[in-house]
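Data first, discussion second: the structure below is written as structure tokens.
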Amino acid sequence: MFCSKKKSLEVERIVKANDREYNEKFLYKDNRIHTSKYNILTFLPINLFEQFQRVANAYFLFLLILQLIPEISSLTWFTTIVPLVLVVTMTAVKDATDDYFRHKSDNQVNNRQSEVLIDSKLQNEKWMNVKVGDIIKLENNQFVAADLLLLSSSEPHGLCYIETAELDGETNLKVRHALSVTSELGADISRLAKFDGIVVCEAPNNKLDKFTGVLSWKGSKHSLNNEKIILRGCVLRNTSWCFGMVIFAGPDTKLMQNSGKTKFKRTSIDRLMNTLVLWIFGFLICLGTILAIGNSIWENQVGNQFRTFLFWNEGEKNSVFSGFLTFWSYIIILNTVVPISLYVSVEVIRLGHSYFINWDRKMYYSRKATPAEARTTTLNEELGQIEYVFSDKTGTLTQNIMTFKKCSINGRIYGEVHDDLGQKTDMTKKKETVGFSVSPQADRTFQFFDHHLMESIELGDPKVHEFLRLLALCHTVMSEENSAGQLIYQVQSPDEGALVTAAKNLGFIFKSRTPETITIEELGTLVTYQLLAFLDFNNFRKRMSVIVRNPEGQIKLYSKGADTILFERLHPSNEDLLTLTSDHLSEFAGEGLRTLAIAYRDLDDKYFKEWHKMLEDANTSTDERDERIAGLYEEIEKDLMLLGATAVEDKLQDGVIETVTSLSLANIKIWVLTGDKQETAINIGYACNMLTDDMNDVFIIAGNTAVEVREELRKAKENLFGQNRIFSSGHVVFEKKQSLELDSVVEETVTGDYALIINGHSLAHALESDVKNDLLELACMCKTVICCRVTPLQKAQVVELVKKYRNAVTLAIGDGANDVSMIKSAHIGVGISGQEGLQAVLASDYSFAQFRYLQRLLLVHGRWSYVRMCKFLCYFFYKNFAFTLVHFWFGFFCGFSAQTVYDQWFITLFNIVYTSLPVLAMGIFDQ
């Protein structure tokens with residue numbers, strides 16, 4: 001208990017290598033994990049406590065106690081105890097089985113072997129005996145036992161490669177590298193055993209992509225970040241061996257910190273069932289009260305004659321007390337009106353419906369051998385009530401297989417093909433065999449149709465060379481050679497893969513990287529650049545930069561990112577080129593291409609050294625570290641010189657248009673929430689038939705302040721409703737409908753099709769409390785809503801807004817890590833197992849491989865699950881009432897004496913057999 005109290009107070013962790021005695025005083029958790037809920041001693045009490053929290057089970061336990069009182073009960077106790085024990089036992093067996101497998105899994109993991117450095121020699125130790133501060137040796141293809149600080153590896157410069165599929169679902173390799181001071185330790189056991197560095201770092205948390213800490217060793221301090229850490233659950237790949245020091249163990253590891261309880265989602269039918277059961281309790285009490293009053297009257301008026309007839313000489317029987325006892329007797333007799341097996345039956349039916357989804361051949365994607373999967377069994381009927389679908393664009397509506405199509409370099413577009421008259425023509429006749437003389441490593445699947453770019457490269461255009469050099473240097477791609485000697489790129493995003501592959505085909509081949517260098521082959525010449533700093537991409541920065549020193553000694557900053565972000569950071573001398581490139585970007589986006597702006601900056605040696613010193617200080621600081629680093633990144637990424645822009649094609653998936661059309665006909669509204677720029681999103685909207693030329697109006701909200709956004713929303717509503725409704729004071733509507741719920745009459749008055757397009761910075765203002773009323777009212781009147789340039793958090797906020805104030809059933813569908821918050825926020829989350837790993841699938845309730853299967857999931861499985869469940873419930877309650885009201889009617893003929901019509905075995909069997917089997921069959925197989 002003391003230990004757990006200590007844990008919650010931990011604000012920073014201090015770990016000393018190879019010193020268990022020092023680390024034990026902090027009471028850190030060991031590496032044993034528990035995911036099971038019970039043990040042999042606690043199973044029965046805890047499980048029974050959980051089960052009797054269900055209203056129906058608690059009610060039947062109460063009945064059983066009543067039946068043990070002879071004055072009340074006219075039924076023997078086994079009529080209640082048999083069904084109750086059966087239901088409780090079935091649930092307990094299911095819970096015990098689930099927990100048994102958890103125990104089995106825990107034991108299997110805890111007993112895995114790992115090589116640990118103990119007393120200056122490597123010894124095999126079970127994972128559960130590994131302690132914080134231990135040094136562990138890992139070999140190729142081994143799972144990582146705990147969260148480790150990488151010390152050294154078999155690769156040059158202390159590099160190692162890991163696969164993080166178990167953590168974030170991504171199967172592509174990621175690189176980690178040790179500090180240069182520790183990578184010198186190599187595999188020397190005696191030196192590793194003497195290593196006594198002290199790590200001061202953050203307390204255990206669940207942030208997979210962030211780590212902050214400082215290693216103090218030999219009188220100097222070295223900053224630690226996520227690139228130095230290997231997390232539990234990763235697998236070592238393409239690396240013979242590596243050594244690491246345990247920082248977090250067992251429950252404190254990031255893997256276990258992320259396996260917190262998932263938010264339990266309940267369906268509207270669940271809530272309805274609980275309400276119905278409470279109403280039935282009320283109905284049962286009413287019946288019991290009526291019959292008890294009847295008994296009191298009967299005893300008072302007729303009972304006396306019966307007692308005379310039976311020569312009953314006892315004193316006068318109290319009719320009120322008789323009625324009181326009869327009330328409890330009838331509560332027992334009429335118990336079958338309350339459905340004891342309802343919850344169990346519903347679970348069985350849902351399980352059957354889930355198997356129908358898993359077995360559906362029409363939702364099986366043969367190209368990747370991926371079936372549809374119901375990852376939960378509790379939400380099937382909710383699929384039939386969806387009103388709003390929130391969809392990501394990239395990888396969900398589109399294929400997320402990127403192809404480099406066009407680029408704009410120094411104000412000139414490359415990639416368009418012109419005919420003899422100089423007119424643009426389709427790229428069908430002319431095909432450039434791209435890799436010809438400049439790139440022996442050319443990818444044959446890459447097709448580029450414009451000869452002018454090759455001519456510019458061969459003529460040595462410096463801007464074109466710098467553009468391609470940037471594409472080959474500024475990325476997170478990793479390369480490896482296969483057995484045939486060809487370069488294979490491991491990419492974290494398909495966009496990066498397309499750009500690096502394009503540069504490779506055009507003669508600028510990315511060859512390899514180390515923590516300090518990047519080697520590329522420029523038109524046949526190997527050039528090694530010294531990597532001075534890497535300014536990584538995130539959802540707020542929306543850009544990535546590298547700072548390198550070329551062989552001539554010049555320092556260059558190369559940057560690529562969203563045009564809206566990079567254009568703000570350009571040097572004033574770029575004005576003319578900026579105008580030209582902006583026009584080109586609009587043209588590319590109009591064709592549905594994904595665009596990035598490309599820029600560079602020459603850095604002064606002295607300025608860079610000062611900046612780098614400040615960055616090192618910021619890295620080793622513990623307070624406001626992230627803010628200081630972000631500020632330094634902002635400072636150096638300015639006065640950039642624009643080079644141009646890239647345009648990458650991402651084609652629509654098969655069947656998207658048909659699916660969108662079908663869902664629209666079913667009156668399901670589709671909102672697209674994307675991080676892409678407005679023009680690209682609009683183009684995809686038209687391609688999917690979400691936007692059409694026949695629409696009455698398309699409202700574009702692009703204000704930069706809250707006042708502008710409110711005004712634009714007000715004007716859009718005036719256009720939508722006409723001048724006959726006055727919206728100059730949005731607060732009138734708000735006061736009239738405090739909960740923001742829309743007036744259905746208003747909705748019906750809107751005739752015609754409208755669409756709303758809003759970008760991220762406008763959405764930020766629109767989601768504020770005094771404007772979101774207007775946004776929601778306008779958006780819900782529109783047939784299509786597209787939100788562009790939105791962050792993952794904004795995606796979730798939009799879903800929450802509709803979910804909370806519209807009281808509608810929502811579904812979110814996406815394929816990437818940036819969709820996880822949206823998927824978890826919606827009533828139902830659907831993950832697409834696409835190009836971006838499996839993070840979305842891991843967080844989802846249902847998963848499949850293509851957006852088109854959503855139509856079948858909702859309109860076939862969802863509808864049938866809902867229809868069957870409704871029929872089942874109607875039949876279930878009808879059967880219970882029909883059976884039970886016989887007793888009520890019989891009460892008028894037997895002097896309200898609480899006698900039963902049926903024999904007791906019949907009642908017992910009714911509760912078990914007739915309550916479940918026929919209705920189960922109908923609930924699962926009804927056609």
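The chains in the structure tokens are called A, B, ... from first to last as shown; in each chain the residues are counted from 1, and the ligands are counted from 1 in the order shown.
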For Val55 of chain A, work out the shell of residues within 10 Å, counting only C-alpha atoms and skipping chain neighbours fewer than 6 positions away, then give it as a PyMOL selection string. chain A and resi 274+277-278+340
Residues near Asn689 of chain A, anyone? I mean within 10 Å using only C-alpha atoms, not counting same-chain ones fewer than 5 positions away, as a ChimeraX atom specification. /A:656-658,660-661,683-684,784
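DSSP annotation of segment 591-686 of chain A from backbone atoms: strand (DSSP E or B) residues are Leu593, Arg594, Thr595, Leu596, Ala597, Ile598, Ala599, Tyr600, Arg601, Asp602, Leu603, Leu640, Met641, Leu642, Leu643, Gly644, Ala645, Thr646, Ala647, Val648, Glu649, Asp650, Lys651, Leu652, Lys669, Ile670, Trp671, Val672 and Leu673 of chain A.
Considering the residues A:Lys511, A:Lys795, A:Lys228, A:Arg412 and counting only C-alpha atoms, Ile823 of chain A has its shortest atom-to-atom contact with A:Lys795.
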Name the closest residue to Ile247 of chain A among the candidates A:Ala17, A:Thr394, A:Leu173, A:Tyr343; distances are taken between atoms, counting only C-alpha atoms. A:Ala17
Name the residues of segment 674-717 of chain A that come out as helix (DSSP H, G or I) in a backbone DSSP run; write them as an NGL selection string. :A and (678-687 or 706-717)
Which of these residues is nearest to Ser268 of chain A, using only C-alpha atoms: A:Ala630, A:Thr810, A:Val500, A:Glu575? A:Thr810
Show which residues sit within 9 Å of Gln51 of chain A, as a VMD selection string. Count only C-alpha atoms, and ignore same-chain residues fewer than 6 positions away. chain A and resid 57 to 58 88 91 to 92
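Ranking A:Thr212, A:Thr517, A:Thr89, A:Asn667 by their shortest atom-to-atom distance to Leu149 of chain A, with only C-alpha atoms included, puts A:Thr212 first.
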Output as JSON lines one row per residue of segment 831-851 of chain A within 10 Å of segment 356-378 of chain A: the closest atom pair and its distance in Å to one decimal place, counting only C-alpha atoms, sorted by chain and residue number ascending.
{"residue": "A:Gly831", "atom": "CA", "partner": "A:Glu373", "partner_atom": "CA", "distance": 9.8}
{"residue": "A:Ile832", "atom": "CA", "partner": "A:Ala372", "partner_atom": "CA", "distance": 9.6}
{"residue": "A:Ser833", "atom": "CA", "partner": "A:Thr370", "partner_atom": "CA", "distance": 8.3}
{"residue": "A:Gly834", "atom": "CA", "partner": "A:Lys368", "partner_atom": "CA", "distance": 9.7}
{"residue": "A:Val841", "atom": "CA", "partner": "A:Arg375", "partner_atom": "CA", "distance": 9.0}
{"residue": "A:Leu842", "atom": "CA", "partner": "A:Arg375", "partner_atom": "CA", "distance": 8.9}
{"residue": "A:Ala843", "atom": "CA", "partner": "A:Arg375", "partner_atom": "CA", "distance": 9.4}
{"residue": "A:Ser844", "atom": "CA", "partner": "A:Arg375", "partner_atom": "CA", "distance": 7.2}
{"residue": "A:Asp845", "atom": "CA", "partner": "A:Arg375", "partner_atom": "CA", "distance": 5.0}
{"residue": "A:Tyr846", "atom": "CA", "partner": "A:Ala374", "partner_atom": "CA", "distance": 4.7}
{"residue": "A:Ser847", "atom": "CA", "partner": "A:Glu373", "partner_atom": "CA", "distance": 5.3}
{"residue": "A:Phe848", "atom": "CA", "partner": "A:Ala372", "partner_atom": "CA", "distance": 4.4}
{"residue": "A:Ala849", "atom": "CA", "partner": "A:Tyr365", "partner_atom": "CA", "distance": 6.3}
{"residue": "A:Gln850", "atom": "CA", "partner": "A:Tyr365", "partner_atom": "CA", "distance": 7.6}
Proximity check segment 69-149 of chain A to segment 25-44 of chain A, 8 Å, nearest pairs one decimal Å, only C-alpha atoms, as JSON lines:
{"residue": "A:Ala96", "atom": "CA", "partner": "A:Phe43", "partner_atom": "CA", "distance": 7.9}
{"residue": "A:Asp99", "atom": "CA", "partner": "A:Ser36", "partner_atom": "CA", "distance": 5.6}
{"residue": "A:Tyr100", "atom": "CA", "partner": "A:Ser36", "partner_atom": "CA", "distance": 7.9}
{"residue": "A:Arg102", "atom": "CA", "partner": "A:Ser36", "partner_atom": "CA", "distance": 5.2}
{"residue": "A:His103", "atom": "CA", "partner": "A:Ser36", "partner_atom": "CA", "distance": 5.7}
{"residue": "A:Asp106", "atom": "CA", "partner": "A:His34", "partner_atom": "CA", "distance": 6.3}
{"residue": "A:Asn110", "atom": "CA", "partner": "A:Arg32", "partner_atom": "CA", "distance": 5.8}
{"residue": "A:Trp127", "atom": "CA", "partner": "A:Asn31", "partner_atom": "CA", "distance": 6.3}
{"residue": "A:Met128", "atom": "CA", "partner": "A:Arg32", "partner_atom": "CA", "distance": 4.1}
{"residue": "A:Asn129", "atom": "CA", "partner": "A:Asn31", "partner_atom": "CA", "distance": 6.4}
{"residue": "A:Val130", "atom": "CA", "partner": "A:Asn31", "partner_atom": "CA", "distance": 5.6}
{"residue": "A:Lys131", "atom": "CA", "partner": "A:Asp30", "partner_atom": "CA", "distance": 5.3}
{"residue": "A:Val132", "atom": "CA", "partner": "A:Asp30", "partner_atom": "CA", "distance": 6.9}
{"residue": "A:Ala146", "atom": "CA", "partner": "A:Asn31", "partner_atom": "CA", "distance": 7.1}
Residue with smallest distance to Gly592 of chain A - pool A:Pro83, A:Gly294, A:Pro462, A:Gly685, counting only C-alpha atoms: A:Gly685
Quick one: pull the distance between atom CA of Ile290 of chain A and atom CA of Phe60 of chain A, Å, one decimal.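 For atom CA of Ile290 of chain A relative to atom CA of Phe60 of chain A, the distance reads 21.6 Å.
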Between A:Gly655, A:Gly352, A:Gly923, A:Gly282, which has the minimum distance to Ile331 of chain A (counting only C-alpha atoms)?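 Closest candidate: A:Gly282.
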Applying 9 Å and only C-alpha atoms, which residues near Asn318 of chain A remain after dropping the ones on its own chain fewer than 4 positions away? List them as a PyMOL selection string. chain A and resi 296+299-300+322-323
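Of note, atom CA of Lys463 of chain A and atom CA of Thr680 of chain A are spaced 26.6 Å apart.
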